[in-house]
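Peer 1: I am sharing my_file_5.pdb, which consists of PDB, C-alpha atoms, pLDDT in the B column:
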```
ATOM      1  CA  MET N  64      79.775-101.040 -60.395  1.00 45.00           C
ATOM      2  CA  LEU N  65      76.163-102.105 -60.905  1.00 45.00           C
ATOM      3  CA  CYS N  66      75.180-100.536 -57.573  1.00 47.00           C
ATOM      4  CA  ILE N  67      76.950 -97.316 -58.475  1.00 43.00           C
ATOM      5  CA  SER N  68      75.253 -97.244 -61.898  1.00 43.00           C
ATOM      6  CA  MET N  69      71.770 -97.784 -60.435  1.00 45.00           C
ATOM      7  CA  ALA N  70      72.353 -95.151 -57.757  1.00 45.00           C
ATOM      8  CA  GLY N  71      73.336 -92.658 -60.412  1.00 45.00           C
ATOM      9  CA  PHE N  72      70.207 -93.506 -62.415  1.00 46.00           C
ATOM     10  CA  ALA N  73      67.936 -92.982 -59.402  1.00 48.00           C
ATOM     11  CA  GLN N  74      69.567 -89.635 -58.698  1.00 53.00           C
ATOM     12  CA  SER N  75      68.726 -88.453 -62.222  1.00 84.00           C
ATOM     13  CA  TYR N  76      65.148 -87.903 -61.083  1.00 89.00           C
ATOM     14  CA  PRO N  77      64.290 -84.477 -59.651  1.00 95.00           C
ATOM     15  CA  THR N  78      62.890 -84.498 -56.145  1.00 96.00           C
ATOM     16  CA  GLY N  79      59.141 -84.623 -55.644  1.00 96.00           C
ATOM     17  CA  LYS N  80      59.312 -81.230 -53.942  1.00 96.00           C
ATOM     18  CA  THR N  81      61.033 -79.712 -56.973  1.00 97.00           C
ATOM     19  CA  ILE N  82      58.345 -81.054 -59.308  1.00 97.00           C
ATOM     20  CA  LEU N  83      55.434 -79.891 -57.137  1.00 96.00           C
ATOM     21  CA  ASP N  84      56.992 -76.452 -56.806  1.00 96.00           C
ATOM     22  CA  LYS N  85      57.142 -76.092 -60.594  1.00 97.00           C
ATOM     23  CA  VAL N  86      53.589 -77.438 -61.001  1.00 97.00           C
ATOM     24  CA  ASP N  87      52.319 -74.935 -58.424  1.00 95.00           C
ATOM     25  CA  ASN N  88      54.111 -72.117 -60.256  1.00 94.00           C
ATOM     26  CA  ASN N  89      52.111 -73.019 -63.366  1.00 95.00           C
ATOM     27  CA  MET N  90      48.756 -73.976 -61.887  1.00 92.00           C
ATOM     28  CA  SER N  91      48.318 -71.690 -58.853  1.00 89.00           C
ATOM     29  CA  ALA N  92      48.040 -67.910 -58.751  1.00 89.00           C
ATOM     30  CA  LYS N  93      47.341 -65.096 -56.303  1.00 91.00           C
ATOM     31  CA  THR N  94      44.134 -64.365 -58.203  1.00 93.00           C
ATOM     32  CA  ARG N  95      42.384 -65.917 -61.199  1.00 94.00           C
ATOM     33  CA  VAL N  96      39.416 -65.104 -63.416  1.00 95.00           C
ATOM     34  CA  LEU N  97      38.214 -68.052 -65.481  1.00 95.00           C
ATOM     35  CA  THR N  98      35.527 -68.301 -68.153  1.00 97.00           C
ATOM     36  CA  ALA N  99      34.574 -71.896 -68.881  1.00 96.00           C
ATOM     37  CA  THR N 100      32.066 -74.401 -70.170  1.00 97.00           C
ATOM     38  CA  MET N 101      31.183 -77.501 -68.173  1.00 96.00           C
ATOM     39  CA  GLU N 102      29.864 -80.531 -70.046  1.00 95.00           C
ATOM     40  CA  VAL N 103      28.142 -83.003 -67.743  1.00 93.00           C
ATOM     41  CA  GLY N 104      27.700 -86.426 -69.326  1.00 82.00           C
ATOM     42  CA  THR N 105      25.473 -89.253 -68.205  1.00 75.00           C
ATOM     43  CA  GLU N 106      24.731 -92.617 -69.789  1.00 69.00           C
ATOM     44  CA  ARG N 107      22.021 -91.065 -71.983  1.00 77.00           C
ATOM     45  CA  THR N 108      22.361 -87.284 -72.053  1.00 81.00           C
ATOM     46  CA  LYS N 109      24.823 -84.400 -71.999  1.00 87.00           C
ATOM     47  CA  ARG N 110      24.296 -80.933 -70.529  1.00 91.00           C
ATOM     48  CA  THR N 111      26.518 -77.938 -71.210  1.00 95.00           C
ATOM     49  CA  MET N 112      26.777 -74.977 -68.832  1.00 96.00           C
ATOM     50  CA  GLU N 113      28.687 -71.710 -69.068  1.00 97.00           C
ATOM     51  CA  LEU N 114      30.222 -70.129 -65.987  1.00 97.00           C
ATOM     52  CA  LYS N 115      32.661 -67.527 -64.759  1.00 96.00           C
ATOM     53  CA  THR N 116      34.826 -67.910 -61.647  1.00 95.00           C
ATOM     54  CA  TYR N 117      36.796 -65.385 -59.616  1.00 95.00           C
ATOM     55  CA  GLY N 118      39.341 -66.661 -57.097  1.00 93.00           C
ATOM     56  CA  GLU N 119      41.771 -65.167 -54.610  1.00 93.00           C
ATOM     57  CA  GLY N 120      44.361 -67.568 -53.232  1.00 87.00           C
ATOM     58  CA  ASP N 121      42.847 -70.748 -51.838  1.00 84.00           C
ATOM     59  CA  HIS N 122      40.432 -69.065 -49.432  1.00 88.00           C
ATOM     60  CA  LYS N 123      38.074 -66.977 -51.589  1.00 92.00           C
ATOM     61  CA  ALA N 124      36.140 -67.977 -54.717  1.00 93.00           C
ATOM     62  CA  TYR N 125      33.012 -66.738 -56.446  1.00 95.00           C
ATOM     63  CA  THR N 126      31.285 -68.521 -59.354  1.00 95.00           C
ATOM     64  CA  GLU N 127      28.293 -67.453 -61.431  1.00 96.00           C
ATOM     65  CA  TYR N 128      26.497 -69.645 -63.975  1.00 96.00           C
ATOM     66  CA  LEU N 129      25.706 -67.757 -67.186  1.00 97.00           C
ATOM     67  CA  ALA N 130      23.843 -70.384 -69.241  1.00 96.00           C
ATOM     68  CA  PRO N 131      21.615 -72.258 -69.954  1.00 95.00           C
ATOM     69  CA  ALA N 132      18.448 -70.567 -68.706  1.00 94.00           C
ATOM     70  CA  ARG N 133      17.772 -73.306 -66.147  1.00 92.00           C
ATOM     71  CA  GLU N 134      21.067 -72.660 -64.304  1.00 93.00           C
ATOM     72  CA  LYS N 135      21.574 -68.985 -65.202  1.00 95.00           C
ATOM     73  CA  GLY N 136      21.981 -66.818 -62.109  1.00 95.00           C
ATOM     74  CA  THR N 137      23.059 -69.636 -59.794  1.00 95.00           C
ATOM     75  CA  LYS N 138      25.970 -68.360 -57.710  1.00 96.00           C
ATOM     76  CA  MET N 139      28.488 -69.910 -55.326  1.00 94.00           C
ATOM     77  CA  LEU N 140      30.674 -68.125 -52.797  1.00 95.00           C
ATOM     78  CA  LYS N 141      33.526 -69.721 -50.855  1.00 91.00           C
ATOM     79  CA  LEU N 142      35.079 -67.963 -47.859  1.00 90.00           C
ATOM     80  CA  GLU N 143      37.740 -70.047 -46.119  1.00 84.00           C
ATOM     81  CA  ASN N 144      36.051 -73.444 -45.434  1.00 81.00           C
ATOM     82  CA  GLN N 145      32.473 -72.226 -45.867  1.00 88.00           C
ATOM     83  CA  LEU N 146      30.395 -72.273 -49.032  1.00 93.00           C
ATOM     84  CA  TRP N 147      27.108 -70.557 -49.877  1.00 95.00           C
ATOM     85  CA  ILE N 148      24.935 -71.233 -52.932  1.00 95.00           C
ATOM     86  CA  TYR N 149      22.232 -68.925 -54.271  1.00 96.00           C
ATOM     87  CA  SER N 150      19.443 -70.404 -56.404  1.00 94.00           C
ATOM     88  CA  PRO N 151      17.406 -67.902 -58.480  1.00 93.00           C
ATOM     89  CA  SER N 152      14.551 -70.401 -58.900  1.00 91.00           C
ATOM     90  CA  THR N 153      13.863 -70.359 -55.147  1.00 92.00           C
ATOM     91  CA  ASP N 154      15.461 -66.980 -54.404  1.00 92.00           C
ATOM     92  CA  ARG N 155      17.207 -68.640 -51.473  1.00 94.00           C
ATOM     93  CA  THR N 156      20.800 -68.874 -50.253  1.00 95.00           C
ATOM     94  CA  ILE N 157      21.892 -72.062 -48.532  1.00 94.00           C
ATOM     95  CA  GLN N 158      25.145 -72.852 -46.739  1.00 93.00           C
ATOM     96  CA  ILE N 159      27.072 -76.036 -47.428  1.00 88.00           C
ATOM     97  CA  SER N 160      29.747 -77.340 -45.080  1.00 81.00           C
ATOM     98  CA  GLY N 161      31.506 -80.463 -43.844  1.00 76.00           C
ATOM     99  CA  HIS N 162      30.915 -83.684 -45.763  1.00 77.00           C
ATOM    100  CA  MET N 163      28.339 -81.944 -47.988  1.00 82.00           C
ATOM    101  CA  LEU N 164      31.231 -80.214 -49.778  1.00 83.00           C
ATOM    102  CA  ARG N 165      32.010 -83.592 -51.339  1.00 84.00           C
ATOM    103  CA  GLN N 166      28.641 -83.736 -53.059  1.00 87.00           C
ATOM    104  CA  SER N 167      28.281 -83.373 -56.818  1.00 90.00           C
ATOM    105  CA  VAL N 168      28.071 -79.911 -58.420  1.00 91.00           C
ATOM    106  CA  MET N 169      25.112 -79.706 -60.819  1.00 89.00           C
ATOM    107  CA  GLY N 170      25.048 -83.496 -61.203  1.00 88.00           C
ATOM    108  CA  SER N 171      28.642 -83.520 -62.455  1.00 93.00           C
ATOM    109  CA  ASP N 172      31.597 -85.738 -61.565  1.00 94.00           C
ATOM    110  CA  MET N 173      33.131 -82.776 -59.711  1.00 94.00           C
ATOM    111  CA  SER N 174      32.492 -82.026 -56.053  1.00 91.00           C
ATOM    112  CA  TYR N 175      32.242 -78.559 -54.546  1.00 87.00           C
ATOM    113  CA  GLU N 176      35.724 -79.193 -53.085  1.00 85.00           C
ATOM    114  CA  ASP N 177      37.089 -80.066 -56.541  1.00 88.00           C
ATOM    115  CA  MET N 178      35.706 -76.904 -58.038  1.00 83.00           C
ATOM    116  CA  MET N 179      36.540 -74.397 -55.336  1.00 78.00           C
ATOM    117  CA  ASN N 180      39.951 -75.590 -54.092  1.00 79.00           C
ATOM    118  CA  ASP N 181      43.135 -73.922 -55.352  1.00 81.00           C
ATOM    119  CA  LYS N 182      45.539 -74.624 -52.495  1.00 86.00           C
ATOM    120  CA  PRO N 183      49.098 -75.255 -53.776  1.00 91.00           C
ATOM    121  CA  LEU N 184      50.030 -78.941 -53.817  1.00 94.00           C
ATOM    122  CA  LEU N 185      53.166 -78.353 -51.734  1.00 94.00           C
ATOM    123  CA  GLN N 186      50.954 -77.157 -48.863  1.00 93.00           C
ATOM    124  CA  GLN N 187      48.921 -80.379 -48.977  1.00 95.00           C
ATOM    125  CA  TYR N 188      51.221 -83.273 -49.973  1.00 97.00           C
ATOM    126  CA  LYS N 189      54.667 -84.774 -49.829  1.00 97.00           C
ATOM    127  CA  ALA N 190      55.788 -86.266 -53.129  1.00 97.00           C
ATOM    128  CA  ASP N 191      57.864 -89.255 -54.251  1.00 97.00           C
ATOM    129  CA  VAL N 192      58.993 -89.709 -57.854  1.00 97.00           C
ATOM    130  CA  THR N 193      58.745 -93.359 -58.940  1.00 96.00           C
ATOM    131  CA  GLY N 194      59.716 -93.228 -62.610  1.00 96.00           C
ATOM    132  CA  THR N 195      58.695 -91.972 -66.046  1.00 97.00           C
ATOM    133  CA  GLU N 196      55.895 -92.911 -68.461  1.00 97.00           C
ATOM    134  CA  ILE N 197      54.544 -91.608 -71.756  1.00 98.00           C
ATOM    135  CA  VAL N 198      51.136 -89.883 -71.690  1.00 97.00           C
ATOM    136  CA  ASP N 199      49.659 -88.592 -74.969  1.00 95.00           C
ATOM    137  CA  GLY N 200      53.102 -88.719 -76.553  1.00 96.00           C
ATOM    138  CA  ARG N 201      54.706 -86.677 -73.751  1.00 97.00           C
ATOM    139  CA  LYS N 202      57.323 -87.956 -71.329  1.00 97.00           C
ATOM    140  CA  CYS N 203      56.029 -87.593 -67.751  1.00 98.00           C
ATOM    141  CA  TRP N 204      57.345 -87.997 -64.231  1.00 98.00           C
ATOM    142  CA  VAL N 205      55.193 -90.425 -62.241  1.00 98.00           C
ATOM    143  CA  VAL N 206      54.694 -88.836 -58.827  1.00 98.00           C
ATOM    144  CA  LEU N 207      52.958 -90.304 -55.768  1.00 98.00           C
ATOM    145  CA  LEU N 208      51.463 -87.715 -53.415  1.00 98.00           C
ATOM    146  CA  THR N 209      50.583 -88.381 -49.775  1.00 97.00           C
ATOM    147  CA  ALA N 210      48.694 -85.896 -47.609  1.00 97.00           C
ATOM    148  CA  ILE N 211      50.583 -83.988 -44.926  1.00 96.00           C
ATOM    149  CA  ILE N 212      47.513 -82.141 -43.567  1.00 93.00           C
ATOM    150  CA  PRO N 213      44.184 -83.615 -42.392  1.00 89.00           C
ATOM    151  CA  ASP N 214      41.705 -81.497 -44.388  1.00 84.00           C
ATOM    152  CA  VAL N 215      42.522 -82.596 -47.944  1.00 89.00           C
ATOM    153  CA  ASN N 216      40.041 -83.626 -50.634  1.00 87.00           C
ATOM    154  CA  TYR N 217      41.986 -86.828 -51.358  1.00 94.00           C
ATOM    155  CA  PHE N 218      44.410 -88.601 -49.053  1.00 96.00           C
ATOM    156  CA  SER N 219      46.723 -89.685 -51.884  1.00 97.00           C
ATOM    157  CA  ARG N 220      47.177 -89.017 -55.587  1.00 97.00           C
ATOM    158  CA  LYS N 221      49.114 -90.473 -58.467  1.00 98.00           C
ATOM    159  CA  THR N 222      49.986 -87.834 -61.016  1.00 98.00           C
ATOM    160  CA  TRP N 223      51.797 -87.864 -64.339  1.00 98.00           C
ATOM    161  CA  VAL N 224      53.684 -84.553 -64.789  1.00 98.00           C
ATOM    162  CA  ASP N 225      55.042 -83.404 -68.153  1.00 98.00           C
ATOM    163  CA  THR N 226      58.848 -83.397 -67.772  1.00 97.00           C
ATOM    164  CA  GLU N 227      59.287 -80.267 -69.919  1.00 97.00           C
ATOM    165  CA  ARG N 228      56.243 -78.105 -69.164  1.00 97.00           C
ATOM    166  CA  TYR N 229      55.605 -79.255 -65.570  1.00 97.00           C
ATOM    167  CA  VAL N 230      51.827 -79.601 -65.791  1.00 97.00           C
ATOM    168  CA  PRO N 231      49.879 -82.761 -64.878  1.00 98.00           C
ATOM    169  CA  LEU N 232      48.483 -84.681 -67.850  1.00 98.00           C
ATOM    170  CA  LYS N 233      46.761 -87.416 -65.855  1.00 98.00           C
ATOM    171  CA  GLU N 234      45.804 -87.996 -62.214  1.00 98.00           C
ATOM    172  CA  GLU N 235      44.273 -90.711 -60.053  1.00 98.00           C
ATOM    173  CA  LEU N 236      42.736 -89.659 -56.729  1.00 97.00           C
ATOM    174  CA  PHE N 237      42.423 -92.029 -53.760  1.00 97.00           C
ATOM    175  CA  ALA N 238      40.644 -92.250 -50.410  1.00 95.00           C
ATOM    176  CA  LYS N 239      42.601 -92.871 -47.203  1.00 93.00           C
ATOM    177  CA  GLY N 240      41.995 -96.613 -47.442  1.00 93.00           C
ATOM    178  CA  GLY N 241      43.495 -96.715 -50.939  1.00 95.00           C
ATOM    179  CA  LYS N 242      40.223 -96.860 -52.891  1.00 97.00           C
ATOM    180  CA  LEU N 243      40.350 -95.132 -56.282  1.00 97.00           C
ATOM    181  CA  LEU N 244      37.749 -92.355 -56.374  1.00 96.00           C
ATOM    182  CA  LYS N 245      38.393 -90.287 -59.488  1.00 97.00           C
ATOM    183  CA  ARG N 246      40.501 -89.993 -62.612  1.00 97.00           C
ATOM    184  CA  ILE N 247      41.414 -86.708 -64.284  1.00 97.00           C
ATOM    185  CA  THR N 248      42.851 -86.197 -67.750  1.00 98.00           C
ATOM    186  CA  LEU N 249      44.270 -82.782 -68.677  1.00 97.00           C
ATOM    187  CA  SER N 250      44.928 -81.625 -72.220  1.00 97.00           C
ATOM    188  CA  ASN N 251      45.218 -78.701 -74.656  1.00 97.00           C
ATOM    189  CA  VAL N 252      48.186 -77.272 -72.737  1.00 97.00           C
ATOM    190  CA  GLN N 253      48.807 -73.666 -73.732  1.00 96.00           C
ATOM    191  CA  ARG N 254      51.046 -70.795 -72.724  1.00 95.00           C
ATOM    192  CA  VAL N 255      49.015 -68.436 -70.507  1.00 93.00           C
ATOM    193  CA  GLU N 256      50.688 -65.275 -69.221  1.00 90.00           C
ATOM    194  CA  GLY N 257      54.098 -66.924 -69.075  1.00 91.00           C
ATOM    195  CA  ARG N 258      52.834 -70.222 -67.597  1.00 94.00           C
ATOM    196  CA  TRP N 259      51.873 -73.575 -69.035  1.00 96.00           C
ATOM    197  CA  PHE N 260      48.217 -74.350 -68.319  1.00 95.00           C
ATOM    198  CA  PRO N 261      45.859 -77.179 -69.442  1.00 96.00           C
ATOM    199  CA  MET N 262      42.791 -75.615 -71.037  1.00 97.00           C
ATOM    200  CA  SER N 263      40.743 -78.807 -70.742  1.00 97.00           C
ATOM    201  CA  PHE N 264      40.065 -81.095 -67.739  1.00 96.00           C
ATOM    202  CA  VAL N 265      37.969 -84.278 -67.754  1.00 96.00           C
ATOM    203  CA  TYR N 266      36.882 -85.542 -64.331  1.00 96.00           C
ATOM    204  CA  LYS N 267      35.636 -89.135 -64.053  1.00 96.00           C
ATOM    205  CA  ASP N 268      34.075 -90.304 -60.812  1.00 95.00           C
ATOM    206  CA  VAL N 269      34.761 -94.053 -60.984  1.00 95.00           C
ATOM    207  CA  LEU N 270      31.828 -94.688 -58.631  1.00 90.00           C
ATOM    208  CA  LYS N 271      29.351 -93.206 -61.166  1.00 88.00           C
ATOM    209  CA  GLU N 272      28.168 -94.304 -64.585  1.00 86.00           C
ATOM    210  CA  GLY N 273      28.725 -92.118 -67.628  1.00 86.00           C
ATOM    211  CA  PRO N 274      31.613 -90.555 -69.570  1.00 89.00           C
ATOM    212  CA  GLY N 275      32.554 -87.934 -66.979  1.00 93.00           C
ATOM    213  CA  THR N 276      32.569 -84.135 -66.797  1.00 95.00           C
ATOM    214  CA  LYS N 277      34.612 -81.903 -69.090  1.00 96.00           C
ATOM    215  CA  MET N 278      35.752 -78.406 -68.107  1.00 96.00           C
ATOM    216  CA  SER N 279      37.021 -76.256 -70.986  1.00 97.00           C
ATOM    217  CA  PHE N 280      38.485 -72.797 -70.391  1.00 96.00           C
ATOM    218  CA  GLN N 281      37.870 -70.055 -72.941  1.00 94.00           C
ATOM    219  CA  GLY N 282      39.486 -67.244 -70.976  1.00 92.00           C
ATOM    220  CA  ILE N 283      42.042 -67.082 -68.159  1.00 94.00           C
ATOM    221  CA  LYS N 284      43.384 -64.027 -66.347  1.00 94.00           C
ATOM    222  CA  LEU N 285      45.946 -64.588 -63.599  1.00 92.00           C
ATOM    223  CA  ASP N 286      47.225 -62.271 -60.852  1.00 92.00           C
ATOM    224  CA  THR N 287      44.779 -59.539 -61.856  1.00 92.00           C
ATOM    225  CA  PRO N 288      43.039 -57.335 -59.246  1.00 94.00           C
ATOM    226  CA  ILE N 289      39.536 -58.485 -58.248  1.00 95.00           C
ATOM    227  CA  PRO N 290      37.166 -56.089 -56.426  1.00 94.00           C
ATOM    228  CA  ALA N 291      36.501 -57.165 -52.824  1.00 93.00           C
ATOM    229  CA  SER N 292      32.751 -56.919 -53.507  1.00 92.00           C
ATOM    230  CA  TYR N 293      32.870 -60.203 -55.449  1.00 93.00           C
ATOM    231  CA  PHE N 294      33.606 -62.046 -52.214  1.00 94.00           C
ATOM    232  CA  ASN N 295      30.698 -60.617 -50.237  1.00 93.00           C
ATOM    233  CA  LEU N 296      27.514 -62.476 -49.303  1.00 92.00           C
ATOM    234  CA  GLY N 297      25.532 -59.526 -50.588  1.00 89.00           C
ATOM    235  CA  ASN N 298      26.812 -60.288 -54.097  1.00 88.00           C
ATOM    236  CA  LEU N 299      24.878 -63.570 -54.224  1.00 91.00           C
ATOM    237  CA  LYS N 300      21.544 -61.868 -55.007  1.00 79.00           C
TER
END
```
Starting from the file, give its structure as structure tokens.
Peer 2:
Amino acid sequence: MLCISMAGFAQSYPTGKTILDKVDNNMSAKTRVLTATMEVGTERTKRTMELKTYGEGDHKAYTEYLAPAREKGTKMLKLENQLWIYSPSTDRTIQISGHMLRQSVMGSDMSYEDMMNDKPLLQQYKADVTGTEIVDGRKCWVVLLTAIIPDVNYFSRKTWVDTERYVPLKEELFAKGGKLLKRITLSNVQRVEGRWFPMSFVYKDVLKEGPGTKMSFQGIKLDTPIPASYFNLGNLK
């Protein structure tokens, strides 16, 4: 009877695939237009930048920095696995590829891969549900993700997914050898065009000093048409 009872308890969990599918339905879109502020904290200072990002699937993304004056006019364009950055101070466009995509963006705790990737989780990971925990007063599924493709930002992830709204509220990101690389906390979950979406992300690179980097979204448009000209190299200047 004990075995039967425990088996029934284990089966009360949804499958990892079911959870990731619902998370992807909330967090991924065919297109997205995001207006945001990025607060980059160090041990002594804090810088705040304003930016706007246009994305199409997981293969096209264009970002322009709007403020402050020092970063204004900096632009980034991602096409497939290639990334170009335009700097107005030098009036030059440089291409970033390979391991350089894992470098910090503007001195933040986010890498270029973190910022430009929007591939659905189900296309990158298999998932196993290990239990439930409370995060910020919300009951969450604890889900372990393991990569199923070679070109992922992080080989494995531990994510805490809200059991009612199906959005992550906390994540830990690991290298292939099991080393913890980053922590992410997600908050201010709001209803956006029929989806649940966290309006605030805090990335913490555990290998760096400082409080981390906070991304706050002021505007989100999903599945809206974006002119093809945004994803053209000529748009960088």
Peer 1: Translate the PyMOL selection byres ((chain N and resi 193) around 12) into a concrete residue list for this structure, as a PyMOL selection string.
Peer 2: chain N and resi 72-79+190-192+194-196+203-208+221-224
Peer 1: Given all atoms listed in the file, how would the per-residue table for range 141-236 of chain N near range 266-270 of chain N read, listing every residue at most 10 Å away with its closest atom pair and distance in Å to one decimal, sorted by chain and number, as JSON lines?
Peer 2:
```
{"residue": "N:Ser167", "atom": "CA", "partner": "N:Asp268", "partner_atom": "CA", "distance": 9.9}
{"residue": "N:Ser171", "atom": "CA", "partner": "N:Tyr266", "partner_atom": "CA", "distance": 8.7}
{"residue": "N:Asp172", "atom": "CA", "partner": "N:Asp268", "partner_atom": "CA", "distance": 5.2}
{"residue": "N:Met173", "atom": "CA", "partner": "N:Tyr266", "partner_atom": "CA", "distance": 6.6}
{"residue": "N:Ser174", "atom": "CA", "partner": "N:Asp268", "partner_atom": "CA", "distance": 9.7}
{"residue": "N:Asp177", "atom": "CA", "partner": "N:Tyr266", "partner_atom": "CA", "distance": 9.5}
{"residue": "N:Glu234", "atom": "CA", "partner": "N:Tyr266", "partner_atom": "CA", "distance": 9.5}
{"residue": "N:Glu235", "atom": "CA", "partner": "N:Lys267", "partner_atom": "CA", "distance": 9.6}
{"residue": "N:Leu236", "atom": "CA", "partner": "N:Asp268", "partner_atom": "CA", "distance": 9.6}
```
Peer 1: Kindly resolve the PyMOL selection byres ((chain N and resi 186) around 12) on the present coordinates and return the residues as a PyMOL selection string.
Peer 2: chain N and resi 80+83-84+87+91+121+181-185+187-190+208-215
Peer 1: Considering all atoms listed in the file, state which residue in the set N:Arg220, N:Arg95, N:Arg110, N:Lys277 is at the smallest distance from Thr248 in chain N.
Peer 2: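 Closest candidate: N:Lys277.
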Peer 1: Might you spell out which residues the PyMOL selection byres ((chain N and resi 149) around 7) would select in the displayed file, as a PDB file with C-alpha atoms, in the frame of the given file?
Peer 2:
```pdb
ATOM      1  CA  THR N 137      23.059 -69.636 -59.794  1.00 95.00           C
ATOM      2  CA  LYS N 138      25.970 -68.360 -57.710  1.00 96.00           C
ATOM      3  CA  MET N 139      28.488 -69.910 -55.326  1.00 94.00           C
ATOM      4  CA  TRP N 147      27.108 -70.557 -49.877  1.00 95.00           C
ATOM      5  CA  ILE N 148      24.935 -71.233 -52.932  1.00 95.00           C
ATOM      6  CA  SER N 150      19.443 -70.404 -56.404  1.00 94.00           C
ATOM      7  CA  PRO N 151      17.406 -67.902 -58.480  1.00 93.00           C
ATOM      8  CA  ARG N 155      17.207 -68.640 -51.473  1.00 94.00           C
ATOM      9  CA  THR N 156      20.800 -68.874 -50.253  1.00 95.00           C
ATOM     10  CA  ILE N 157      21.892 -72.062 -48.532  1.00 94.00           C
ATOM     11  CA  LEU N 299      24.878 -63.570 -54.224  1.00 91.00           C
TER      12      LEU N 299
END
```
Peer 1: List as a ChimeraX atom specification: which residues have an atom within 8 Å of (40.2, -83.6, -68.7), counting all atoms listed in the file?
Peer 2: /N:247-250,263-266,276-278
Peer 1: Using only C-alpha atoms, collect all residues at a distance of at most 7 Å from (56.2, -76.9, -62.2) as written in the file, then present them as a PyMOL selection string.
Peer 2: chain N and resi 82-89+229-230
Peer 1: What is the distance, in Å and to one decimal place, between CA of Gly275 in chain N and CA of Lys123 in chain N?
Peer 2: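 Spanning CA of Gly275 in chain N to CA of Lys123 in chain N is a straight-line distance of 26.6 Å.
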Peer 1: Measure the distance from CA of Ala130 in chain N to CA of Leu114 in chain N in Å and round it to one decimal.
Peer 2: 7.2 Å
Peer 1: Of the candidates N:Gly104, N:Gln166, N:Met90, N:Phe218, which one gets nearest to Val252 in chain N if we count only C-alpha atoms?
Peer 2: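 Going through N:Gly104, N:Gln166, N:Met90, N:Phe218 one by one, the smallest distance to Val252 in chain N is for N:Met90.
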Peer 1: Given all atoms listed in the file as the basis, pick out the residue of N:Ala132, N:Val168, N:Met163, N:Leu140 nearest to Glu102 in chain N.
Peer 2: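 The answer is N:Val168, which sits nearest to Glu102 in chain N.
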Peer 1: Nearest to Thr105 in chain N among N:Asp225, N:Glu143, N:Glu119, N:Glu272, with distances taken over all atoms listed in the file: which residue is it?
Peer 2: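 Of N:Asp225, N:Glu143, N:Glu119, N:Glu272, the one nearest Thr105 in chain N is N:Glu272, counting all atoms listed in the file.
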Peer 1: How many Å lie between CA of Ala291 in chain N and CA of Glu127 in chain N, rounded to one decimal?
Peer 2: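 Interatomic distance here is 15.7 Å.
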Peer 1: Between N:Met179, N:Leu129, N:Leu97, N:Leu232, which residue has the minimum interatomic distance to Ile197 in chain N, considering only C-alpha atoms?
Peer 2: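 Going through N:Met179, N:Leu129, N:Leu97, N:Leu232 one by one, the smallest distance to Ile197 in chain N is for N:Leu232.
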Peer 1: Can you list, as a tab-separated table (two decimals) with C-alpha atoms, in the coordinates of the input, every protein, DNA or RNA residue that comes within 12 Å of Ile283 in chain N when you count all atoms listed in the file, leaving out same-chain residues fewer than 3 positions away?
Peer 2:
```
chain	number	residue	atom	x	y	z
N	90	MET	CA	48.76	-73.98	-61.89
N	92	ALA	CA	48.04	-67.91	-58.75
N	94	THR	CA	44.13	-64.36	-58.20
N	95	ARG	CA	42.38	-65.92	-61.20
N	96	VAL	CA	39.42	-65.10	-63.42
N	97	LEU	CA	38.21	-68.05	-65.48
N	98	THR	CA	35.53	-68.30	-68.15
N	99	ALA	CA	34.57	-71.90	-68.88
N	115	LYS	CA	32.66	-67.53	-64.76
N	116	THR	CA	34.83	-67.91	-61.65
N	117	TYR	CA	36.80	-65.39	-59.62
N	118	GLY	CA	39.34	-66.66	-57.10
N	253	GLN	CA	48.81	-73.67	-73.73
N	254	ARG	CA	51.05	-70.80	-72.72
N	255	VAL	CA	49.02	-68.44	-70.51
N	256	GLU	CA	50.69	-65.28	-69.22
N	258	ARG	CA	52.83	-70.22	-67.60
N	259	TRP	CA	51.87	-73.58	-69.04
N	260	PHE	CA	48.22	-74.35	-68.32
N	261	PRO	CA	45.86	-77.18	-69.44
N	262	MET	CA	42.79	-75.61	-71.04
N	279	SER	CA	37.02	-76.26	-70.99
N	280	PHE	CA	38.48	-72.80	-70.39
N	286	ASP	CA	47.22	-62.27	-60.85
N	287	THR	CA	44.78	-59.54	-61.86
```
Peer 1: Return as lines of an AutoDock Vina configuration file the box centre and box size in Å, one decimal, for an axis-aligned box around all listed atoms of range 110-118 of chain N padded by 5 Å per side.
Peer 2:
```
center_x = 31.8
center_y = -73.2
center_z = -64.2
size_x = 25.0
size_y = 25.5
size_z = 24.1
```
Peer 1: With distances taken over all atoms listed in the file, which of N:Thr111, N:Thr126, N:Asn216, N:Asn251 is nearest to Gly161 in chain N?
Peer 2: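 Checking each candidate against Gly161 in chain N, we get N:Asn216 as the closest.
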